[in-house]
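Beneath this line is the structure, given in structure tokens, with notes to follow.
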Amino acid sequence: MLQLQAIRDSKNDFITALKKRNIDGTPLLEKAIELDDKRRETQTQLDKTLAESNALSKEIGMLFKSGKAQEANVLKEKTGVLKEESKVLNDALATVAEELQTVLYQIPNIPHNSVPAGNTDEDNEEVFSEGDIPELVSNAMPHWELAKKYDIIDFELGVKITGAGFPVYKGKGARLQRALIAYFLDKNTEAGYTEIQVPHLVNEASGYGTGQLPDKEGQMYHVGEDDLYLIPTAEIPVTNLFRGEILKEEQFPICYTAYTPCFRREAGSYGAHVRGLNRLHQFDKVEIVRVEHPSKSFEALDGMVEHVKNILRELKLPYRVLRLCGGDLGFTSSLTYDFEVFSTAQDRWLEISSVSNFEAYQTNRLKLRYKDENGKSQLAHTLNGSSLALPRVLAGILENYQVEDGIEIPEVLIPYCGFSKID
RNA sequence: GGAGAAUUGGCAGAGUGGUCGAAUGCGGCAGUCUUGAAAACUGUUGAGGGUCACACCUCCGGGGGUUCGAAUCCCUCAUUCUCCGCCA
């Protein structure tokens with residue numbers, strides 16, 4: 001959520017920046033300012049009424065104490081009017097505040113200067129690429145065929161017990177998955193991230209805190225009986241650990257990593273691109289989350305990008321890094337780098353990580369602040385990234401590492417797997 | 001799931017209808033003293049709105065109510081603790 005003061009100060013810059021998202025921010029920003037004016041005006045009136053009423057109450061108290069009950073009763077009648085007034089004003093204030101909130105929820109984050117304009121993923125800007133695209137055997141297969149051939153992932157079985165998009169991993173497939181999780185967590189821990197385990201269900205307030213609610217309500221599984229949401233990403237529970245906190249500057253940087261399953265309804269997805277592991281309702285992910293001083297957040301973002309590069313380099317997967325264009329940028333993000341692994345067998349790039357700086361957009365909702373050197377509360381910055389999303393890394397490994405008689409295991413994973421080949 | 005108790009500032013802990021945004025202690029910060037540190041002493045120390053700055057307003061788990069006036073009374077929800085039951 002944008003800060004009103006920032007909107008007031010930089011309205012025109014924001015409008016220009018929002019054009020990169022193909023959004024005309026003018027009506028919403030102006031509406032926000034207008035409602036804020038109204039809110040302040042109403043608040044001031046209410047405050048005045050309350051002040052008057054408070055003064056009277058005090059006076060009444062004094063009169064009663066000194067035994068002048070009659071005079072007190074005269075004053076009492078006066079307060080009735082004020083009470084009515086303040087009730088009306090209070091309702092008005094609540095209404096305006098809610099309207100303002102609704103408007104603010106509709107405004108996405110302001111894209112960073114470096115974000116290219118554009119509509120679709122076609123307009124994303126490739127900023128880095130590395131790794132050799134392997135030459136595969138002539139009868140190379142996509143991962144869903146490999147999975148069947150070596151009996152390591154069973155999609156039909158998942159359909160039987162749950163539905164489409166809930167695969168069952170078997171034998172070496174399951175072990176490879178577990179190995180990846182352990183490997184990622186180890187890499188992240190080495191890099192200074194503290195490993196934590198968090199709940200996989202969150203309440204409504206957490207959903208609002210990181211921005212999944214109210215706009216992406218339909219993307220999350222909701223447990224109606226208890227009014228809880230299955231997390232679509234560890235970002236929600238991990239970032240919300242700090243909801244409402246006021247940090248000390250010396251606590252920065254805060255770096256956490258967590259493995260969780262992720263649950264996504266993926267309503268509206270279809271077609272060949274959702275085959276196999278490409279798009280699932282439940283998948284595993286290891287996430288990194290940082291809470292940073294505003295002056296350090298972009299430096300931190302670069303650091304996270306380097307960190308993920310490092311992992312992919314070790315896995316020897318061919319990948320590229322994209323700077324997302326305005327149209328492809330997530331609602332709450334200011335700058336996002338996507339990582340994609342090339343799958344030779346599918347002849348396409350698979351998104352395996354997304355690393356973002358949200359600046360103060362989430363922390364404004366979360367009320368996550370720190371005390372600056374003058375002792376004033378300031379909003380912190382939050383960042384997160386996947387390191388990494390399991391299914392597509394798995395797909396990338398299966399497809400890129402296939403040989404005539406099986407699938408080789410990347411060297412760094414062999415100690416984690418306990419085997420060097422799936423066959 | 002049943003019965004009882006509790007929820008106050010960073011922490012501990014007073015406060016049971018009026019001058020309480022809240023005693024006191026600890027912690028934090030600043031200063032005095034000291035070569036330096038500790039101790040001691042002095043001052044300061046919740047958040048948000050509002051203002052040029054004050055004033056002023058809101059917040060004592062959340063929400064609602066009673067009252068001229070609520071941290072204090074009532075209702076409700078949540079959470080925590082103790083006992084019982086059940087259980088990986």
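The way I read the labels, and the way they are meant: chains A, B, ... in the order of the structure tokens, residue 1 as the first residue of every chain, and ligand 1 as the first ligand shown, with later ones counted on from there.
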
* Asked: When the cut-off is 7 Å and we count only C-alpha atoms (C1' of nucleotides), which residues of chain A are near chain B, given as a list in words?
  -> Asp47, Ala51, Ser57, Lys58, Ile60, Gly61, Lys76 and Thr79 of chain A

* Please run DSSP on the backbone and report, as a ChimeraX atom specification, all residues within region 75-117 of chain A that come out as alpha helix (DSSP H). => /A:75-106

* Asked: Within 12 Å of A30 (chain B), counting only C-alpha atoms (C1' of nucleotides), which residues qualify if same-chain residues fewer than 4 places away don't, as a PyMOL selection string?
  -> chain B and resi 42-45

Those residues with C-alpha atoms (C1' of nucleotides), as a PDB file, in the first residue's frame please?
```
ATOM      1  C1'   U B  42      20.286  13.202  37.544  1.00  0.00           C
ATOM      2  C1'   G B  43      17.274  13.589  33.399  1.00  0.00           C
ATOM      3  C1'   U B  44      14.703  11.115  29.587  1.00  0.00           C
ATOM      4  C1'   U B  45      12.027   6.939  27.441  1.00  0.00           C
TER       5        U B  45
END
```

* Per-residue DSSP, region 222-402 of chain A, filtered to strand (DSSP E or B), as an MDAnalysis selection string -> chainID A and resid 222:223 228:230 246:248 254:263 282:292 319:323 335:343 348:359 369:371 377:379 381:389 402

* Asked: Any idea what's packed within 9 Å of Leu315 (chain A), counting only C-alpha atoms (C1' of nucleotides), ignoring anything in its chain fewer than 2 positions away? Could you give it as number ranges by chain?
  -> A: 310-313, 317, 397, 410-413

Those residues with N, CA and C atoms, as a short mmCIF file (atom, residue, chain, number, x, y, z; two decimals), in the first residue's frame please?
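The resulting file, out06.cif, is reproduced below:
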```
data_model
loop_
_atom_site.label_atom_id
_atom_site.label_comp_id
_atom_site.auth_asym_id
_atom_site.auth_seq_id
_atom_site.Cartn_x
_atom_site.Cartn_y
_atom_site.Cartn_z
N ASN A 310 24.22 -18.28 -8.10
CA ASN A 310 25.21 -19.20 -7.58
C ASN A 310 24.70 -20.63 -7.49
N ILE A 311 23.47 -20.75 -7.02
CA ILE A 311 22.88 -22.07 -6.88
C ILE A 311 22.71 -22.72 -8.25
N LEU A 312 22.21 -21.95 -9.21
CA LEU A 312 21.97 -22.51 -10.54
C LEU A 312 23.28 -22.86 -11.23
N ARG A 313 24.29 -22.08 -10.93
CA ARG A 313 25.62 -22.35 -11.47
C ARG A 313 26.11 -23.70 -10.94
N LEU A 317 22.73 -25.72 -14.53
CA LEU A 317 21.56 -25.61 -15.38
C LEU A 317 21.67 -24.33 -16.20
N ILE A 397 16.13 -30.45 -14.29
CA ILE A 397 17.17 -31.47 -14.09
C ILE A 397 16.85 -32.73 -14.89
N PRO A 410 22.94 -34.07 -10.78
CA PRO A 410 23.98 -33.04 -10.69
C PRO A 410 24.93 -33.35 -9.52
N GLU A 411 26.18 -33.09 -9.77
CA GLU A 411 27.21 -33.51 -8.83
C GLU A 411 26.94 -33.05 -7.40
N VAL A 412 26.56 -31.77 -7.26
CA VAL A 412 26.37 -31.24 -5.90
C VAL A 412 25.25 -31.94 -5.16
N LEU A 413 24.37 -32.61 -5.89
CA LEU A 413 23.23 -33.25 -5.23
C LEU A 413 23.49 -34.69 -4.85
#
```

* Structure fact -> For Arg243 (chain A), the closest of A:Gly80, A:Pro415, A:Gly207, A:Gly326 counting only C-alpha atoms is A:Gly207

* To do: Would you mind listing what lies within 12 Å of C26 (chain B) as an MDAnalysis selection string, with only C-alpha atoms (C1' of nucleotides) counted and same-chain residues fewer than 6 positions away left out?
  => chainID B and resid 10:13

Can those selected residues be exported to a file as a PDB file, in the first residue's frame so that it contains all heavy atoms?
```pdb
ATOM      1  P     G B  10       5.837  -1.345  24.077  1.00  0.00           P
ATOM      2  OP1   G B  10       5.754  -0.432  22.944  1.00  0.00           O
ATOM      3  OP2   G B  10       4.892  -2.483  24.198  1.00  0.00           O
ATOM      4  O5'   G B  10       7.324  -1.892  24.134  1.00  0.00           O
ATOM      5  C5'   G B  10       7.725  -2.959  23.282  1.00  0.00           C
ATOM      6  C4'   G B  10       8.795  -3.774  23.944  1.00  0.00           C
ATOM      7  O4'   G B  10       9.885  -2.898  24.334  1.00  0.00           O
ATOM      8  C3'   G B  10       8.369  -4.436  25.246  1.00  0.00           C
ATOM      9  O3'   G B  10       7.777  -5.688  24.989  1.00  0.00           O
ATOM     10  C2'   G B  10       9.681  -4.588  25.988  1.00  0.00           C
ATOM     11  O2'   G B  10      10.416  -5.694  25.537  1.00  0.00           O
ATOM     12  C1'   G B  10      10.420  -3.307  25.577  1.00  0.00           C
ATOM     13  N9    G B  10      10.260  -2.215  26.545  1.00  0.00           N
ATOM     14  C8    G B  10       9.634  -1.018  26.333  1.00  0.00           C
ATOM     15  N7    G B  10       9.661  -0.237  27.391  1.00  0.00           N
ATOM     16  C5    G B  10      10.355  -0.963  28.342  1.00  0.00           C
ATOM     17  C6    G B  10      10.705  -0.630  29.692  1.00  0.00           C
ATOM     18  O6    G B  10      10.461   0.398  30.316  1.00  0.00           O
ATOM     19  N1    G B  10      11.409  -1.662  30.290  1.00  0.00           N
ATOM     20  C2    G B  10      11.728  -2.850  29.691  1.00  0.00           C
ATOM     21  N2    G B  10      12.405  -3.720  30.446  1.00  0.00           N
ATOM     22  N3    G B  10      11.407  -3.174  28.444  1.00  0.00           N
ATOM     23  C4    G B  10      10.733  -2.186  27.831  1.00  0.00           C
ATOM     24  P     C B  11       6.598  -6.230  25.936  1.00  0.00           P
ATOM     25  OP1   C B  11       6.039  -7.412  25.244  1.00  0.00           O
ATOM     26  OP2   C B  11       5.725  -5.118  26.331  1.00  0.00           O
ATOM     27  O5'   C B  11       7.390  -6.725  27.218  1.00  0.00           O
ATOM     28  C5'   C B  11       8.192  -7.908  27.168  1.00  0.00           C
ATOM     29  C4'   C B  11       8.927  -8.065  28.477  1.00  0.00           C
ATOM     30  O4'   C B  11       9.713  -6.868  28.721  1.00  0.00           O
ATOM     31  C3'   C B  11       8.047  -8.167  29.710  1.00  0.00           C
ATOM     32  O3'   C B  11       7.607  -9.500  29.910  1.00  0.00           O
ATOM     33  C2'   C B  11       8.994  -7.730  30.820  1.00  0.00           C
ATOM     34  O2'   C B  11       9.882  -8.752  31.205  1.00  0.00           O
ATOM     35  C1'   C B  11       9.789  -6.619  30.120  1.00  0.00           C
ATOM     36  N1    C B  11       9.268  -5.274  30.399  1.00  0.00           N
ATOM     37  C2    C B  11       9.508  -4.713  31.670  1.00  0.00           C
ATOM     38  O2    C B  11      10.127  -5.372  32.509  1.00  0.00           O
ATOM     39  N3    C B  11       9.054  -3.472  31.940  1.00  0.00           N
ATOM     40  C4    C B  11       8.389  -2.790  31.014  1.00  0.00           C
ATOM     41  N4    C B  11       7.963  -1.567  31.332  1.00  0.00           N
ATOM     42  C5    C B  11       8.121  -3.335  29.723  1.00  0.00           C
ATOM     43  C6    C B  11       8.571  -4.577  29.461  1.00  0.00           C
ATOM     44  P     A B  12       6.249  -9.768  30.720  1.00  0.00           P
ATOM     45  OP1   A B  12       6.077 -11.233  30.748  1.00  0.00           O
ATOM     46  OP2   A B  12       5.200  -8.902  30.173  1.00  0.00           O
ATOM     47  O5'   A B  12       6.605  -9.257  32.184  1.00  0.00           O
ATOM     48  C5'   A B  12       7.317 -10.103  33.083  1.00  0.00           C
ATOM     49  C4'   A B  12       7.571  -9.379  34.380  1.00  0.00           C
ATOM     50  O4'   A B  12       8.151  -8.083  34.104  1.00  0.00           O
ATOM     51  C3'   A B  12       6.342  -9.035  35.215  1.00  0.00           C
ATOM     52  O3'   A B  12       5.886 -10.137  35.971  1.00  0.00           O
ATOM     53  C2'   A B  12       6.912  -7.945  36.127  1.00  0.00           C
ATOM     54  O2'   A B  12       7.681  -8.494  37.169  1.00  0.00           O
ATOM     55  C1'   A B  12       7.821  -7.193  35.160  1.00  0.00           C
ATOM     56  N9    A B  12       7.176  -5.994  34.612  1.00  0.00           N
ATOM     57  C8    A B  12       6.689  -5.798  33.349  1.00  0.00           C
ATOM     58  N7    A B  12       6.174  -4.597  33.164  1.00  0.00           N
ATOM     59  C5    A B  12       6.343  -3.971  34.387  1.00  0.00           C
ATOM     60  C6    A B  12       6.022  -2.682  34.858  1.00  0.00           C
ATOM     61  N6    A B  12       5.429  -1.751  34.099  1.00  0.00           N
ATOM     62  N1    A B  12       6.314  -2.379  36.135  1.00  0.00           N
ATOM     63  C2    A B  12       6.904  -3.309  36.890  1.00  0.00           C
ATOM     64  N3    A B  12       7.264  -4.554  36.560  1.00  0.00           N
ATOM     65  C4    A B  12       6.957  -4.820  35.287  1.00  0.00           C
ATOM     66  P     G B  13       4.332 -10.255  36.337  1.00  0.00           P
ATOM     67  OP1   G B  13       4.197 -11.332  37.341  1.00  0.00           O
ATOM     68  OP2   G B  13       3.551 -10.304  35.077  1.00  0.00           O
ATOM     69  O5'   G B  13       4.004  -8.859  37.042  1.00  0.00           O
ATOM     70  C5'   G B  13       4.384  -8.608  38.391  1.00  0.00           C
ATOM     71  C4'   G B  13       4.046  -7.189  38.761  1.00  0.00           C
ATOM     72  O4'   G B  13       4.633  -6.282  37.801  1.00  0.00           O
ATOM     73  C3'   G B  13       2.560  -6.843  38.740  1.00  0.00           C
ATOM     74  O3'   G B  13       1.948  -7.237  39.956  1.00  0.00           O
ATOM     75  C2'   G B  13       2.585  -5.333  38.561  1.00  0.00           C
ATOM     76  O2'   G B  13       2.889  -4.669  39.765  1.00  0.00           O
ATOM     77  C1'   G B  13       3.768  -5.165  37.602  1.00  0.00           C
ATOM     78  N9    G B  13       3.354  -5.128  36.199  1.00  0.00           N
ATOM     79  C8    G B  13       3.321  -6.175  35.317  1.00  0.00           C
ATOM     80  N7    G B  13       2.913  -5.843  34.117  1.00  0.00           N
ATOM     81  C5    G B  13       2.664  -4.475  34.227  1.00  0.00           C
ATOM     82  C6    G B  13       2.202  -3.548  33.249  1.00  0.00           C
ATOM     83  O6    G B  13       1.919  -3.760  32.067  1.00  0.00           O
ATOM     84  N1    G B  13       2.081  -2.268  33.775  1.00  0.00           N
ATOM     85  C2    G B  13       2.377  -1.921  35.075  1.00  0.00           C
ATOM     86  N2    G B  13       2.185  -0.645  35.383  1.00  0.00           N
ATOM     87  N3    G B  13       2.810  -2.776  35.992  1.00  0.00           N
ATOM     88  C4    G B  13       2.930  -4.020  35.501  1.00  0.00           C
TER      89        G B  13
END
```

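Taking CA of Lys170 (chain A) and CA of Val341 (chain A) as endpoints, the distance between them is 23.7 Å.
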
* Residues at most 12 Å from Val168 (chain A), counting only C-alpha atoms (C1' of nucleotides), excluding those fewer than 2 positions away in the same chain, as a VMD selection string? -> chain A and resid 147 to 148 151 to 166 170 to 174 177 276 to 277 280 282 to 283 391

Output of the above residues as a short mmCIF file (atom, residue, chain, number, x, y, z; two decimals), in the first residue's frame, restricted to C-alpha atoms:
```
data_model
loop_
_atom_site.label_atom_id
_atom_site.label_comp_id
_atom_site.auth_asym_id
_atom_site.auth_seq_id
_atom_site.Cartn_x
_atom_site.Cartn_y
_atom_site.Cartn_z
CA ALA A 147 8.72 -39.45 -14.85
CA LYS A 148 6.58 -42.26 -16.15
CA ASP A 151 8.38 -44.33 -12.24
CA ILE A 152 9.45 -41.36 -10.13
CA ILE A 153 6.37 -39.14 -10.34
CA ASP A 154 2.82 -40.41 -10.63
CA PHE A 155 0.36 -37.82 -11.80
CA GLU A 156 -2.61 -40.20 -12.14
CA LEU A 157 -2.28 -41.36 -8.58
CA GLY A 158 -2.44 -37.76 -7.44
CA VAL A 159 -5.61 -37.28 -9.44
CA LYS A 160 -7.10 -40.29 -7.71
CA ILE A 161 -6.50 -39.13 -4.20
CA THR A 162 -6.88 -35.38 -4.70
CA GLY A 163 -7.14 -34.05 -8.23
CA ALA A 164 -5.12 -32.67 -11.10
CA GLY A 165 -2.04 -30.72 -10.09
CA PHE A 166 -1.25 -32.81 -7.03
CA LYS A 170 7.96 -41.92 -5.72
CA GLY A 171 11.23 -43.61 -4.93
CA LYS A 172 14.20 -41.74 -6.34
CA GLY A 173 11.88 -38.94 -7.42
CA ALA A 174 10.82 -38.34 -3.85
CA GLN A 177 12.99 -33.72 -4.18
CA GLY A 276 3.47 -32.28 -15.89
CA LEU A 277 5.26 -30.26 -13.27
CA LEU A 280 0.71 -27.40 -9.94
CA GLN A 282 0.63 -28.01 -4.58
CA PHE A 283 4.37 -27.69 -4.87
CA PRO A 391 8.99 -28.73 -9.48
#
```

* To do: Would you kindly return, as an MDAnalysis selection string, each protein, DNA or RNA residue with an atom no farther than 12 Å from any atom of region 14-16 of chain B, considering only C-alpha atoms (C1' of nucleotides) and excluding same-chain residues fewer than 6 positions away?
  => chainID B and resid 8 22:25 60 70:73

Let's have the selection written as an mmCIF file, in the first residue's frame, with N, CA and C atoms (P, O5', C5', C4', C3', O3' and C1' of nucleotides).
```cif
data_model
loop_
_atom_site.group_PDB
_atom_site.id
_atom_site.type_symbol
_atom_site.label_atom_id
_atom_site.label_comp_id
_atom_site.auth_asym_id
_atom_site.auth_seq_id
_atom_site.Cartn_x
_atom_site.Cartn_y
_atom_site.Cartn_z
ATOM 1 P P U B 8 -1.062 -7.823 29.521
ATOM 2 O "O5'" U B 8 -1.514 -6.319 29.719
ATOM 3 C "C5'" U B 8 -1.866 -5.534 28.589
ATOM 4 C "C4'" U B 8 -1.972 -4.108 29.009
ATOM 5 C "C3'" U B 8 -0.641 -3.426 29.318
ATOM 6 O "O3'" U B 8 -0.036 -2.915 28.140
ATOM 7 C "C1'" U B 8 -2.174 -2.976 31.059
ATOM 8 P P A B 22 0.013 10.053 31.298
ATOM 9 O "O5'" A B 22 -0.353 8.643 31.957
ATOM 10 C "C5'" A B 22 0.376 8.246 33.057
ATOM 11 C "C4'" A B 22 -0.295 7.100 33.771
ATOM 12 C "C3'" A B 22 0.621 5.898 33.972
ATOM 13 O "O3'" A B 22 1.412 6.082 35.131
ATOM 14 C "C1'" A B 22 -1.463 5.170 33.129
ATOM 15 P P A B 23 2.963 6.107 35.001
ATOM 16 O "O5'" A B 23 3.393 5.993 36.529
ATOM 17 C "C5'" A B 23 2.935 6.965 37.458
ATOM 18 C "C4'" A B 23 2.873 6.379 38.839
ATOM 19 C "C3'" A B 23 4.167 5.761 39.349
ATOM 20 O "O3'" A B 23 5.081 6.744 39.803
ATOM 21 C "C1'" A B 23 2.363 4.336 39.857
ATOM 22 P P U B 24 6.613 6.643 39.325
ATOM 23 O "O5'" U B 24 7.086 5.253 39.956
ATOM 24 C "C5'" U B 24 7.126 5.066 41.359
ATOM 25 C "C4'" U B 24 7.382 3.619 41.679
ATOM 26 C "C3'" U B 24 8.573 3.007 40.956
ATOM 27 O "O3'" U B 24 9.805 3.329 41.578
ATOM 28 C "C1'" U B 24 6.744 1.555 40.757
ATOM 29 P P G B 25 11.105 3.491 40.704
ATOM 30 O "O5'" G B 25 11.514 1.985 40.405
ATOM 31 C "C5'" G B 25 11.822 1.106 41.480
ATOM 32 C "C4'" G B 25 11.933 -0.314 40.971
ATOM 33 C "C3'" G B 25 12.879 -0.498 39.794
ATOM 34 O "O3'" G B 25 14.230 -0.590 40.202
ATOM 35 C "C1'" G B 25 10.851 -1.610 39.335
ATOM 36 P P C B 60 -7.727 0.906 24.883
ATOM 37 O "O5'" C B 60 -6.250 0.568 25.397
ATOM 38 C "C5'" C B 60 -5.605 -0.682 25.107
ATOM 39 C "C4'" C B 60 -5.008 -1.230 26.381
ATOM 40 C "C3'" C B 60 -6.016 -1.995 27.237
ATOM 41 O "O3'" C B 60 -5.575 -3.330 27.307
ATOM 42 C "C1'" C B 60 -4.826 -0.362 28.524
ATOM 43 P P A B 70 -15.963 7.153 28.871
ATOM 44 O "O5'" A B 70 -15.395 6.497 30.210
ATOM 45 C "C5'" A B 70 -14.095 6.799 30.696
ATOM 46 C "C4'" A B 70 -13.400 5.500 31.036
ATOM 47 C "C3'" A B 70 -13.161 4.644 29.806
ATOM 48 O "O3'" A B 70 -11.863 4.133 29.733
ATOM 49 C "C1'" A B 70 -14.547 3.496 31.364
ATOM 50 P P A B 71 -10.495 4.533 29.670
ATOM 51 O "O5'" A B 71 -9.570 3.277 29.931
ATOM 52 C "C5'" A B 71 -9.628 2.146 29.075
ATOM 53 C "C4'" A B 71 -9.215 0.898 29.808
ATOM 54 C "C3'" A B 71 -10.231 0.422 30.840
ATOM 55 O "O3'" A B 71 -11.161 -0.433 30.225
ATOM 56 C "C1'" A B 71 -8.068 0.514 31.815
ATOM 57 P P U B 72 -12.462 -0.917 30.985
ATOM 58 O "O5'" U B 72 -11.816 -1.700 32.197
ATOM 59 C "C5'" U B 72 -12.595 -2.407 33.135
ATOM 60 C "C4'" U B 72 -12.305 -1.910 34.532
ATOM 61 C "C3'" U B 72 -13.549 -1.646 35.358
ATOM 62 O "O3'" U B 72 -13.593 -2.587 36.428
ATOM 63 C "C1'" U B 72 -11.942 0.112 35.590
ATOM 64 P P C B 73 -14.231 -4.012 36.166
ATOM 65 O "O5'" C B 73 -15.777 -3.653 35.924
ATOM 66 C "C5'" C B 73 -16.656 -3.471 37.027
ATOM 67 C "C4'" C B 73 -18.066 -3.301 36.523
ATOM 68 C "C3'" C B 73 -18.439 -4.230 35.363
ATOM 69 O "O3'" C B 73 -18.838 -5.502 35.836
ATOM 70 C "C1'" C B 73 -19.084 -2.031 34.830
#
```

* **Coordinates-based distance that separates CA of Leu82 (chain A) from CA of Arg39 (chain A) (Å, one decimal)** => 19.7 Å
